[in-house]
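Working notes, beginning with the structure itself.
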Amino acid sequence: MLLEEAIEYLEVRHNGIYVDMTTGGGGHSKRILEKLDGTGHLFCFDQDEFALGEAKKNLARYANVAFINDNFVNCRKQLSSLGIEKVDGILYDLGVSSYQFDMPDRGFSYRQEGPLDMRMDKTNPITASIIVNTYPEKELGNIFYRYGEDPFARPIARKIVEYRMKKTIETTSELVDIIKSALPQAILHKKGHPAKQVFQALRIVVNDELGVLEKSLFDSVDILKPGGRIVVITFHSLEDRICKDMFKRLSTIEIPKGLPVIPDEKPVLKLVTRHVVKPSDDEINDNNRAHSAKLRAVEKTL
């Protein structure tokens with residue numbers, strides 16, 4: 001999604017060092033590699049071993065690429081171990097990859113029967129099942145409201161606790177039915193799936209997506225060379241807010257009111273995109289998942 005826009009804003013230099021933080025099947029990585037020559041290099045991160053395996057197959061013809069099976073929160077440490085301290089560009093394409101979403105056994109989809117898993121990293125000890133079946137009602141409500149922005153978070157949490165007193169909630173379809181039972185008929189007949197927000201909230205918590213993103217963005221700014229760029233594609237408002245707030249803070253110099261002399265100081269970042277870039281109507285028509293995608297780009301100034 002936003003493939004061409006992401007590559008355009010990344011401004012790939014033929015001999016640069018680049019990082020794809022969320023490789024997935026390697027679609028963005030391939031476009032970066034096409035713009036590199038033999039002196040440039042790409043480092044591909046993905047915590048999902050299956051997705052990274054698919055990327056290796058899809059990018060097999062390229063020699064100047066390294067694959068790292070790890071969460072991008074560890075990017076700085078992993079690159080340093082390979083002798084890389086600074087890079088020319090970094091790309092994030094957040095959210096669930098098509099490999100994860102389209103495989104029922106991963107538990108990400110509210111449209112397909114599967115176990116309540118939702119782990120991007122299969123070694124993660126926390127699953128959606130653990131959260132749904134053991135967390136207190138109040139905490140479940142807080143999760144659904146904060147990370148799913150679901151106005152029916154409390155009644156949904158109440159229904160989950162009532163149900164699990166009778167039996168363990170084991171599958172995605174069971175959870176979907178419980179969610180539906182907590183909602184008014186008027187909401188059930190609205191456009192959009194009624195379980196979407198709860199599933200999003202669970203996925204975010206299982207994978208600590210927001211905490212990981214915030215820490216990784218700070219590290220990315222630090223390892224970026226002057227003139228290098230960070231491009232981020234987000235899929236929900238909480239991710240976008242983290243990027244927007246951080247980029248604004250690091251691209252602004254606060255001058256105290258009434259200061260007689262303007263300080264000779266530059267911000268760390270420059271906004272490349274003043275407003276979010278959204279997919280074209282054609283892309284949304286071709287892929288409905290693209291409708292919520294937003295792109296932001298910044299450039300390191302010093």
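Within each chain, counting starts at residue 1; across the structure tokens, chains are named A, B, ... in the order shown, with ligands numbered 1 upward in that order.
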
For region 108-123 of chain A: contacts at 9 Å, only C-alpha atoms, fewer than 2 positions along chain excluded, given as JSON, numbers by chain: {"A": [46, 47, 48, 49, 70, 71, 96, 100, 101, 102, 103, 104, 105, 106, 125, 126, 127, 128, 129, 130, 132, 169, 170, 171, 172, 173, 174, 175, 176, 193, 195, 196, 199, 200, 202, 203, 206, 207]}

Using N, CA and C atoms, can you write the selected residues to a file as a compact mmCIF listing (two decimals), in the first residue's frame?
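Below is the file selection-v5.txt, written as the result:
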```
# COMPACT_ATOMS: atom_id res chain seq x y z
N ASP A 46 11.85 -8.42 10.16
CA ASP A 46 10.49 -8.87 10.42
C ASP A 46 10.54 -9.89 11.55
N GLN A 47 9.67 -9.71 12.54
CA GLN A 47 9.65 -10.65 13.66
C GLN A 47 8.89 -11.92 13.32
N ASP A 48 8.15 -11.88 12.22
CA ASP A 48 7.39 -13.05 11.78
C ASP A 48 8.27 -13.92 10.90
N GLU A 49 8.63 -15.08 11.40
CA GLU A 49 9.56 -15.96 10.69
C GLU A 49 9.00 -16.41 9.34
N ASP A 70 13.72 -10.39 13.68
CA ASP A 70 13.64 -9.75 14.99
C ASP A 70 12.64 -8.61 14.91
N ASN A 71 12.14 -8.23 16.06
CA ASN A 71 11.27 -7.06 16.17
C ASN A 71 12.07 -5.81 15.86
N VAL A 96 -0.90 -5.28 10.15
CA VAL A 96 -0.79 -6.72 9.91
C VAL A 96 -0.48 -6.97 8.45
N GLN A 100 -0.15 -12.64 7.49
CA GLN A 100 -0.72 -12.88 8.81
C GLN A 100 -2.24 -12.85 8.77
N PHE A 101 -2.78 -11.86 8.09
CA PHE A 101 -4.22 -11.66 8.09
C PHE A 101 -4.95 -12.76 7.33
N ASP A 102 -4.33 -13.29 6.29
CA ASP A 102 -5.01 -14.28 5.44
C ASP A 102 -4.82 -15.71 5.91
N MET A 103 -4.06 -15.91 6.99
CA MET A 103 -3.85 -17.27 7.51
C MET A 103 -4.71 -17.45 8.76
N PRO A 104 -5.80 -18.21 8.68
CA PRO A 104 -6.72 -18.36 9.82
C PRO A 104 -6.05 -18.82 11.11
N ASP A 105 -5.02 -19.66 10.99
CA ASP A 105 -4.39 -20.21 12.19
C ASP A 105 -3.58 -19.18 12.98
N ARG A 106 -3.40 -17.98 12.40
CA ARG A 106 -2.69 -16.92 13.14
C ARG A 106 -3.63 -16.13 14.06
N PRO A 125 5.10 -14.94 24.66
CA PRO A 125 4.28 -15.76 25.56
C PRO A 125 2.84 -15.27 25.71
N ILE A 126 2.56 -14.02 25.33
CA ILE A 126 1.22 -13.46 25.46
C ILE A 126 0.42 -13.68 24.18
N THR A 127 -0.76 -14.26 24.32
CA THR A 127 -1.67 -14.44 23.19
C THR A 127 -2.99 -13.72 23.47
N ALA A 128 -3.79 -13.56 22.43
CA ALA A 128 -5.11 -12.97 22.62
C ALA A 128 -5.97 -13.83 23.54
N SER A 129 -5.77 -15.15 23.48
CA SER A 129 -6.52 -16.05 24.35
C SER A 129 -6.25 -15.78 25.81
N ILE A 130 -5.00 -15.56 26.16
CA ILE A 130 -4.65 -15.27 27.55
C ILE A 130 -5.33 -13.99 28.02
N VAL A 132 -8.08 -12.45 26.74
CA VAL A 132 -9.54 -12.58 26.76
C VAL A 132 -10.02 -13.46 27.92
N ILE A 169 -12.93 -19.26 26.14
CA ILE A 169 -13.12 -18.73 24.79
C ILE A 169 -11.91 -19.16 23.97
N GLU A 170 -12.14 -19.99 22.96
CA GLU A 170 -11.02 -20.63 22.26
C GLU A 170 -10.77 -20.11 20.84
N THR A 171 -11.82 -19.65 20.16
CA THR A 171 -11.65 -19.32 18.74
C THR A 171 -12.07 -17.88 18.42
N THR A 172 -11.62 -17.43 17.27
CA THR A 172 -11.97 -16.09 16.80
C THR A 172 -13.48 -15.96 16.59
N SER A 173 -14.10 -17.01 16.05
CA SER A 173 -15.54 -16.93 15.79
C SER A 173 -16.35 -16.89 17.08
N GLU A 174 -15.89 -17.58 18.10
CA GLU A 174 -16.54 -17.49 19.42
C GLU A 174 -16.50 -16.05 19.93
N LEU A 175 -15.33 -15.43 19.82
CA LEU A 175 -15.19 -14.05 20.29
C LEU A 175 -16.07 -13.10 19.48
N VAL A 176 -16.12 -13.30 18.19
CA VAL A 176 -16.97 -12.46 17.33
C VAL A 176 -18.43 -12.56 17.78
N HIS A 193 -17.35 -4.32 10.04
CA HIS A 193 -17.51 -5.49 10.90
C HIS A 193 -17.54 -5.07 12.36
N ALA A 195 -16.68 -6.53 15.03
CA ALA A 195 -15.57 -7.00 15.88
C ALA A 195 -14.24 -6.35 15.54
N LYS A 196 -14.21 -5.53 14.52
CA LYS A 196 -12.94 -4.97 14.03
C LYS A 196 -12.15 -4.24 15.11
N PHE A 199 -10.73 -6.62 17.89
CA PHE A 199 -9.60 -7.39 17.37
C PHE A 199 -8.36 -6.52 17.21
N GLN A 200 -8.56 -5.29 16.75
CA GLN A 200 -7.43 -4.35 16.63
C GLN A 200 -6.80 -4.10 17.99
N LEU A 202 -6.86 -5.96 20.73
CA LEU A 202 -6.16 -7.15 21.23
C LEU A 202 -4.81 -7.33 20.53
N ARG A 203 -4.80 -7.13 19.22
CA ARG A 203 -3.56 -7.28 18.45
C ARG A 203 -2.50 -6.27 18.92
N VAL A 206 -1.27 -7.49 22.45
CA VAL A 206 -0.48 -8.72 22.35
C VAL A 206 0.94 -8.43 21.87
N ASN A 207 1.06 -7.54 20.89
CA ASN A 207 2.36 -7.26 20.28
C ASN A 207 3.01 -5.97 20.76
```

For Val87 (chain A): contacts at 8 Å, only C-alpha atoms, fewer than 2 positions along chain excluded, given as a ChimeraX atom specification: /A:16-19,84-85,89-90,223-225,228

Output file for the selection above: C-alpha atoms, as a PDB file, in the first residue's frame:
```pdb
ATOM      1  CA  GLY A  16      22.875   4.165   0.340  1.00  0.00           C
ATOM      2  CA  ILE A  17      22.162   1.955   3.326  1.00  0.00           C
ATOM      3  CA  TYR A  18      18.453   1.392   3.969  1.00  0.00           C
ATOM      4  CA  VAL A  19      16.264  -0.435   6.469  1.00  0.00           C
ATOM      5  CA  ILE A  84      26.239  -0.430  10.865  1.00  0.00           C
ATOM      6  CA  GLU A  85      25.915   2.725  12.982  1.00  0.00           C
ATOM      7  CA  GLY A  89      16.748   5.812   5.053  1.00  0.00           C
ATOM      8  CA  ILE A  90      14.188   3.844   7.052  1.00  0.00           C
ATOM      9  CA  ILE A 223      20.858   6.307  13.561  1.00  0.00           C
ATOM     10  CA  LEU A 224      19.748   8.313  10.530  1.00  0.00           C
ATOM     11  CA  LYS A 225      22.415  10.265   8.646  1.00  0.00           C
ATOM     12  CA  GLY A 228      18.382  10.746   5.403  1.00  0.00           C
TER      13      GLY A 228
END
```

Using only C-alpha atoms, which residues sit within 7 Å of Val161 (chain A) once same-chain residues fewer than 4 positions away are excluded, as an NGL selection string? :A and (137 or 157 or 165)

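The coordinates place CA of Ile179 (chain A) at 7.4 Å from CA of Pro194 (chain A).
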
Mind the document's chain letters and residue numbers, and return as an NGL selection string the residues of region 27-237 of chain A that DSSP labels helix (DSSP H, G or I). :A and (27-35 or 49-58 or 72-81 or 98-101 or 104-106 or 128-134 or 137-148 or 153-164 or 172-181 or 185-188 or 196-206 or 209-223 or 237)

Find the spatial neighbours of Lys270 (chain A), counting only C-alpha atoms, within a cut-off of 7 Å - ignore same-chain residues fewer than 3 positions away - and output them as a PyMOL selection string. chain A and resi 251+298-301

What lies within 6 Å of region 142-151 of chain A using only C-alpha atoms, ignoring chain neighbours under 3 positions off, as a PyMOL selection string? chain A and resi 139+197-198+200-201

What does the file look like for those residues with N, CA and C atoms, as a compact mmCIF listing (two decimals), in the first residue's frame?
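Writing done, so here's selection34.txt:
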```txt
# COMPACT_ATOMS: atom_id res chain seq x y z
N GLU A 139 -10.03 -4.15 33.07
CA GLU A 139 -8.85 -4.03 32.21
C GLU A 139 -9.21 -4.31 30.75
N GLN A 197 -12.83 -3.38 15.87
CA GLN A 197 -12.11 -2.56 16.84
C GLN A 197 -11.56 -3.38 18.01
N VAL A 198 -12.33 -4.37 18.45
CA VAL A 198 -11.85 -5.22 19.55
C VAL A 198 -10.66 -6.06 19.10
N GLN A 200 -8.56 -5.29 16.75
CA GLN A 200 -7.43 -4.35 16.63
C GLN A 200 -6.80 -4.10 17.99
N ALA A 201 -7.62 -3.87 19.00
CA ALA A 201 -7.12 -3.58 20.34
C ALA A 201 -6.32 -4.75 20.90
```

Among the residues A:Lys248, A:Lys266, A:Lys190, A:Lys30, the one that comes closest to Arg61 (chain A) [using only C-alpha atoms]: A:Lys30
